Amino acid sequence: ESAMNATHAIILGDSHADKLAEVLFGQHPDLEKERGWMRTKYHGAGIYHNNAPDYNIAAYIAGKVGPDFVPGKILTMLRNGEYEILQRKNGFTTWFFESGHWDLRDTTLMAYEERLHELFSEFARFRDKFHGTATPLRLVWLGVPAFSFKQNAWGGMDMRTNVKLALADRAVADIAKEYRVEVLPFFDLTYPLYRQSCDSHHYICPVSKSRIFKDRNPFGYEFFKLVLEAGQCPP
């Protein structure tokens, strides 16, 4: 309890991270209201975001236009100083982040690994700026869950498979060691029963009562506990 009181975190990522934050703050409202935890919704729409579906999704799904990648929000805000301002203002002790499903949907495993190096390198520089200051921080990769295959909105343009996601998960583990980033095992928790997502593709679905949440989210509940435990560790 005392450790949790002394720490607070920010959660960055796609809808998987946003669902996690919604549940965390719903089950433990004091995290957000009293302890300064924060989420930034949908900053993980790709390390490099594919603009092509935003312009004309029908043409993209039909294969009539190719991808159009630009730096995503996390990479952009690391580089333009917005996250540095946020850290100086709030003094977060832990930065949770992830990006994977948008990336692996649209690009190759090799390209994803190259972009992970780029992202982790930027985050390591960001972390090192605060080393030895009053607000040092830890970096924790939330992980990327398995693909549920319960939706087919992207048709033949969807490049995700669970073999690809498993290989990506292994790559992340190796790359994270290089940059001293901690990793949580979201893929390992979700893959054994990947078709049992709590909606079309998420494994953490907000509900009103703790008991129902645990019953409805067997994987999400375990991951939820891991994030809480990770958030209690000082940098």
# chains A, B, ... in the order shown; residues from 1 in each chain; ligands from 1
$ select_by_dssp --residues "range 70-210 of chain A" --states "alpha helix (DSSP H)" --output "PyMOL selection string"
chain A and resi 73-79+82-90+101-106+109-129+162-178+186-190+210
$ residues_around --residues "Ser200 in chain A" --least-positions-apart "6" --cutoff "9 Å" --atoms "only C-alpha atoms" --output "compact mmCIF listing (two decimals) with N, CA and C atoms, in the first residue's frame"
# COMPACT_ATOMS: atom_id res chain seq x y z
N SER A 148 -7.89 -12.73 -31.92
CA SER A 148 -9.04 -13.59 -31.63
C SER A 148 -9.73 -14.16 -32.87
N PHE A 149 -9.52 -13.52 -34.03
CA PHE A 149 -10.18 -13.95 -35.28
C PHE A 149 -11.70 -13.88 -35.22
N LYS A 150 -12.25 -13.05 -34.32
CA LYS A 150 -13.70 -12.93 -34.23
C LYS A 150 -14.26 -11.81 -35.12
N GLN A 151 -13.39 -11.11 -35.83
CA GLN A 151 -13.86 -10.10 -36.76
C GLN A 151 -13.01 -10.19 -38.03
$ closest_residue --among "A:Leu167, A:Met159, A:Val65, A:Ala124" --to "Arg105 in chain A" --atoms "only C-alpha atoms"
A:Met159
$ atom_distance --atom1 "CA of Thr107 in chain A" --atom2 "CA of Ala45 in chain A"
13.1 Å
$ atom_distance --atom1 "CA of Phe126 in chain A" --atom2 "CA of Pro71 in chain A"
16.9 Å
$ select_by_dssp --residues "range 48-202 of chain A" --states "strand (DSSP E)" --output "PyMOL selection string"
chain A and resi 48-50+69-71+94-97+138-141+182-183
$ write_last_selection --atoms "N, CA, C and O atoms" --output "PDB file, in the first residue's frame"
ATOM      1  N   TYR A  48       4.313   3.369 -36.463  1.00  0.00           N
ATOM      2  CA  TYR A  48       4.039   4.198 -37.635  1.00  0.00           C
ATOM      3  C   TYR A  48       2.583   3.953 -38.001  1.00  0.00           C
ATOM      4  O   TYR A  48       2.172   2.798 -38.177  1.00  0.00           O
ATOM      5  N   HIS A  49       1.803   4.991 -38.083  1.00  0.00           N
ATOM      6  CA  HIS A  49       0.371   4.858 -38.354  1.00  0.00           C
ATOM      7  C   HIS A  49       0.115   4.824 -39.861  1.00  0.00           C
ATOM      8  O   HIS A  49       0.692   5.616 -40.612  1.00  0.00           O
ATOM      9  N   ASN A  50      -0.757   3.913 -40.269  1.00  0.00           N
ATOM     10  CA  ASN A  50      -1.127   3.786 -41.678  1.00  0.00           C
ATOM     11  C   ASN A  50      -2.304   4.706 -41.978  1.00  0.00           C
ATOM     12  O   ASN A  50      -3.442   4.437 -41.586  1.00  0.00           O
ATOM     13  N   PHE A  69       2.396   5.203 -44.455  1.00  0.00           N
ATOM     14  CA  PHE A  69       2.835   5.247 -43.066  1.00  0.00           C
ATOM     15  C   PHE A  69       3.429   6.594 -42.682  1.00  0.00           C
ATOM     16  O   PHE A  69       4.225   7.171 -43.433  1.00  0.00           O
ATOM     17  N   VAL A  70       3.037   7.062 -41.516  1.00  0.00           N
ATOM     18  CA  VAL A  70       3.607   8.271 -40.912  1.00  0.00           C
ATOM     19  C   VAL A  70       3.913   7.950 -39.456  1.00  0.00           C
ATOM     20  O   VAL A  70       3.317   7.032 -38.879  1.00  0.00           O
ATOM     21  N   PRO A  71       4.852   8.651 -38.806  1.00  0.00           N
ATOM     22  CA  PRO A  71       5.126   8.380 -37.393  1.00  0.00           C
ATOM     23  C   PRO A  71       3.846   8.474 -36.560  1.00  0.00           C
ATOM     24  O   PRO A  71       3.056   9.416 -36.707  1.00  0.00           O
ATOM     25  N   THR A  94       6.196   5.378 -13.527  1.00  0.00           N
ATOM     26  CA  THR A  94       6.155   4.273 -14.485  1.00  0.00           C
ATOM     27  C   THR A  94       5.415   4.712 -15.744  1.00  0.00           C
ATOM     28  O   THR A  94       4.329   5.294 -15.661  1.00  0.00           O
ATOM     29  N   TRP A  95       6.026   4.415 -16.896  1.00  0.00           N
ATOM     30  CA  TRP A  95       5.361   4.615 -18.188  1.00  0.00           C
ATOM     31  C   TRP A  95       5.076   3.238 -18.777  1.00  0.00           C
ATOM     32  O   TRP A  95       5.987   2.504 -19.147  1.00  0.00           O
ATOM     33  N   PHE A  96       3.785   2.865 -18.806  1.00  0.00           N
ATOM     34  CA  PHE A  96       3.350   1.646 -19.483  1.00  0.00           C
ATOM     35  C   PHE A  96       3.050   2.000 -20.942  1.00  0.00           C
ATOM     36  O   PHE A  96       2.387   3.011 -21.210  1.00  0.00           O
ATOM     37  N   PHE A  97       3.483   1.163 -21.870  1.00  0.00           N
ATOM     38  CA  PHE A  97       3.187   1.465 -23.276  1.00  0.00           C
ATOM     39  C   PHE A  97       3.157   0.174 -24.088  1.00  0.00           C
ATOM     40  O   PHE A  97       3.691  -0.858 -23.692  1.00  0.00           O
ATOM     41  N   ARG A 138      10.466   4.352 -14.795  1.00  0.00           N
ATOM     42  CA  ARG A 138      10.617   3.015 -15.365  1.00  0.00           C
ATOM     43  C   ARG A 138       9.808   2.920 -16.636  1.00  0.00           C
ATOM     44  O   ARG A 138       8.794   3.604 -16.789  1.00  0.00           O
ATOM     45  N   LEU A 139      10.250   2.046 -17.535  1.00  0.00           N
ATOM     46  CA  LEU A 139       9.504   1.758 -18.757  1.00  0.00           C
ATOM     47  C   LEU A 139       9.020   0.312 -18.711  1.00  0.00           C
ATOM     48  O   LEU A 139       9.809  -0.602 -18.462  1.00  0.00           O
ATOM     49  N   VAL A 140       7.716   0.115 -18.942  1.00  0.00           N
ATOM     50  CA  VAL A 140       7.131  -1.232 -18.914  1.00  0.00           C
ATOM     51  C   VAL A 140       6.301  -1.437 -20.180  1.00  0.00           C
ATOM     52  O   VAL A 140       5.335  -0.695 -20.424  1.00  0.00           O
ATOM     53  N   TRP A 141       6.693  -2.429 -20.980  1.00  0.00           N
ATOM     54  CA  TRP A 141       5.944  -2.808 -22.181  1.00  0.00           C
ATOM     55  C   TRP A 141       4.762  -3.667 -21.744  1.00  0.00           C
ATOM     56  O   TRP A 141       4.940  -4.711 -21.113  1.00  0.00           O
ATOM     57  N   GLU A 182      11.097  -3.297 -19.096  1.00  0.00           N
ATOM     58  CA  GLU A 182      10.416  -4.466 -18.544  1.00  0.00           C
ATOM     59  C   GLU A 182       9.256  -4.885 -19.455  1.00  0.00           C
ATOM     60  O   GLU A 182       8.676  -4.040 -20.143  1.00  0.00           O
ATOM     61  N   VAL A 183       8.929  -6.158 -19.446  1.00  0.00           N
ATOM     62  CA  VAL A 183       7.905  -6.694 -20.347  1.00  0.00           C
ATOM     63  C   VAL A 183       6.887  -7.512 -19.564  1.00  0.00           C
ATOM     64  O   VAL A 183       7.252  -8.351 -18.738  1.00  0.00           O
TER      65      VAL A 183
END
$ closest_residue --among "A:Asn51, A:Thr93, A:Gly13, A:Lys164" --to "Thr133 in chain A" --atoms "only C-alpha atoms"
A:Thr93
$ closest_residue --among "A:Phe223, A:Trp154, A:Tyr194, A:Phe186" --to "Ala58 in chain A" --atoms "only C-alpha atoms"
A:Trp154
$ decode --residues "range 79-92 of chain A" --atoms "all heavy atoms" --output "compact mmCIF listing (two decimals), in the first residue's frame"
# COMPACT_ATOMS: atom_id res chain seq x y z
N ARG A 79 9.41 12.66 -29.71
CA ARG A 79 10.36 13.48 -30.46
C ARG A 79 10.10 14.98 -30.36
O ARG A 79 11.04 15.77 -30.42
CB ARG A 79 10.37 13.04 -31.93
CG ARG A 79 11.00 11.67 -32.13
CD ARG A 79 10.83 11.17 -33.54
NE ARG A 79 11.62 9.94 -33.74
CZ ARG A 79 11.50 9.14 -34.80
NH1 ARG A 79 10.62 9.44 -35.76
NH2 ARG A 79 12.26 8.06 -34.91
N ASN A 80 8.83 15.36 -30.23
CA ASN A 80 8.55 16.80 -30.20
C ASN A 80 8.55 17.39 -28.79
O ASN A 80 8.29 18.59 -28.62
CB ASN A 80 7.23 17.12 -30.92
CG ASN A 80 6.00 16.58 -30.20
OD1 ASN A 80 6.04 16.21 -29.03
ND2 ASN A 80 4.87 16.54 -30.90
N GLY A 81 8.81 16.56 -27.79
CA GLY A 81 8.95 17.06 -26.43
C GLY A 81 7.68 17.08 -25.60
O GLY A 81 7.72 17.45 -24.42
N GLU A 82 6.55 16.64 -26.17
CA GLU A 82 5.29 16.70 -25.42
C GLU A 82 5.30 15.75 -24.22
O GLU A 82 4.78 16.07 -23.16
CB GLU A 82 4.11 16.40 -26.34
CG GLU A 82 3.81 17.52 -27.33
CD GLU A 82 2.54 17.28 -28.11
OE1 GLU A 82 1.46 17.18 -27.49
OE2 GLU A 82 2.62 17.17 -29.35
N TYR A 83 5.90 14.56 -24.39
CA TYR A 83 5.97 13.63 -23.26
C TYR A 83 6.92 14.15 -22.19
O TYR A 83 6.72 13.93 -21.00
CB TYR A 83 6.40 12.24 -23.73
CG TYR A 83 5.31 11.44 -24.40
CD1 TYR A 83 5.63 10.33 -25.19
CD2 TYR A 83 3.96 11.77 -24.26
CE1 TYR A 83 4.64 9.58 -25.81
CE2 TYR A 83 2.97 11.03 -24.88
CZ TYR A 83 3.32 9.93 -25.66
OH TYR A 83 2.33 9.19 -26.26
N GLU A 84 7.97 14.84 -22.61
CA GLU A 84 8.90 15.41 -21.64
C GLU A 84 8.19 16.45 -20.78
O GLU A 84 8.37 16.50 -19.56
CB GLU A 84 10.09 16.03 -22.36
CG GLU A 84 11.17 16.51 -21.41
CD GLU A 84 12.42 16.98 -22.14
OE1 GLU A 84 12.59 16.64 -23.33
OE2 GLU A 84 13.22 17.69 -21.51
N ILE A 85 7.38 17.28 -21.41
CA ILE A 85 6.60 18.28 -20.67
C ILE A 85 5.64 17.59 -19.70
O ILE A 85 5.50 17.99 -18.54
CB ILE A 85 5.82 19.18 -21.65
CG1 ILE A 85 6.79 20.05 -22.46
CG2 ILE A 85 4.82 20.06 -20.91
CD1 ILE A 85 6.14 20.79 -23.61
N LEU A 86 5.00 16.52 -20.18
CA LEU A 86 4.05 15.77 -19.35
C LEU A 86 4.76 15.16 -18.14
O LEU A 86 4.24 15.18 -17.02
CB LEU A 86 3.41 14.68 -20.20
CG LEU A 86 2.12 14.01 -19.68
CD1 LEU A 86 1.01 15.04 -19.53
CD2 LEU A 86 1.69 12.91 -20.64
N GLN A 87 5.96 14.62 -18.36
CA GLN A 87 6.71 14.02 -17.27
C GLN A 87 7.17 15.07 -16.25
O GLN A 87 7.10 14.84 -15.03
CB GLN A 87 7.92 13.25 -17.81
CG GLN A 87 8.86 12.66 -16.76
CD GLN A 87 8.20 11.58 -15.90
OE1 GLN A 87 7.13 11.08 -16.22
NE2 GLN A 87 8.85 11.22 -14.80
N ARG A 88 7.63 16.20 -16.72
CA ARG A 88 8.07 17.26 -15.80
C ARG A 88 6.90 17.80 -14.98
O ARG A 88 7.07 18.18 -13.81
CB ARG A 88 8.75 18.38 -16.58
CG ARG A 88 10.05 17.95 -17.24
CD ARG A 88 10.85 19.11 -17.78
NE ARG A 88 11.99 18.63 -18.54
CZ ARG A 88 13.12 18.17 -18.00
NH1 ARG A 88 13.25 18.15 -16.69
NH2 ARG A 88 14.11 17.76 -18.77
N LYS A 89 5.73 17.80 -15.57
CA LYS A 89 4.55 18.30 -14.88
C LYS A 89 4.03 17.30 -13.86
O LYS A 89 3.63 17.67 -12.74
CB LYS A 89 3.45 18.63 -15.89
CG LYS A 89 2.16 19.13 -15.26
CD LYS A 89 1.11 19.41 -16.33
CE LYS A 89 -0.20 19.86 -15.69
NZ LYS A 89 -1.25 20.12 -16.72
N ASN A 90 4.04 15.99 -14.21
CA ASN A 90 3.38 14.98 -13.39
C ASN A 90 4.33 14.07 -12.61
O ASN A 90 3.91 13.45 -11.64
CB ASN A 90 2.47 14.12 -14.27
CG ASN A 90 1.32 14.90 -14.86
OD1 ASN A 90 0.32 15.15 -14.20
ND2 ASN A 90 1.45 15.30 -16.13
N GLY A 91 5.57 13.95 -13.05
CA GLY A 91 6.52 13.11 -12.35
C GLY A 91 6.11 11.65 -12.25
O GLY A 91 6.22 11.02 -11.20
N PHE A 92 5.66 11.06 -13.38
CA PHE A 92 5.25 9.66 -13.37
C PHE A 92 6.44 8.77 -13.01
O PHE A 92 7.56 8.98 -13.47
CB PHE A 92 4.71 9.24 -14.74
CG PHE A 92 3.47 9.96 -15.14
CD1 PHE A 92 3.48 10.83 -16.22
CD2 PHE A 92 2.29 9.79 -14.44
CE1 PHE A 92 2.33 11.52 -16.59
CE2 PHE A 92 1.13 10.46 -14.81
CZ PHE A 92 1.16 11.33 -15.88
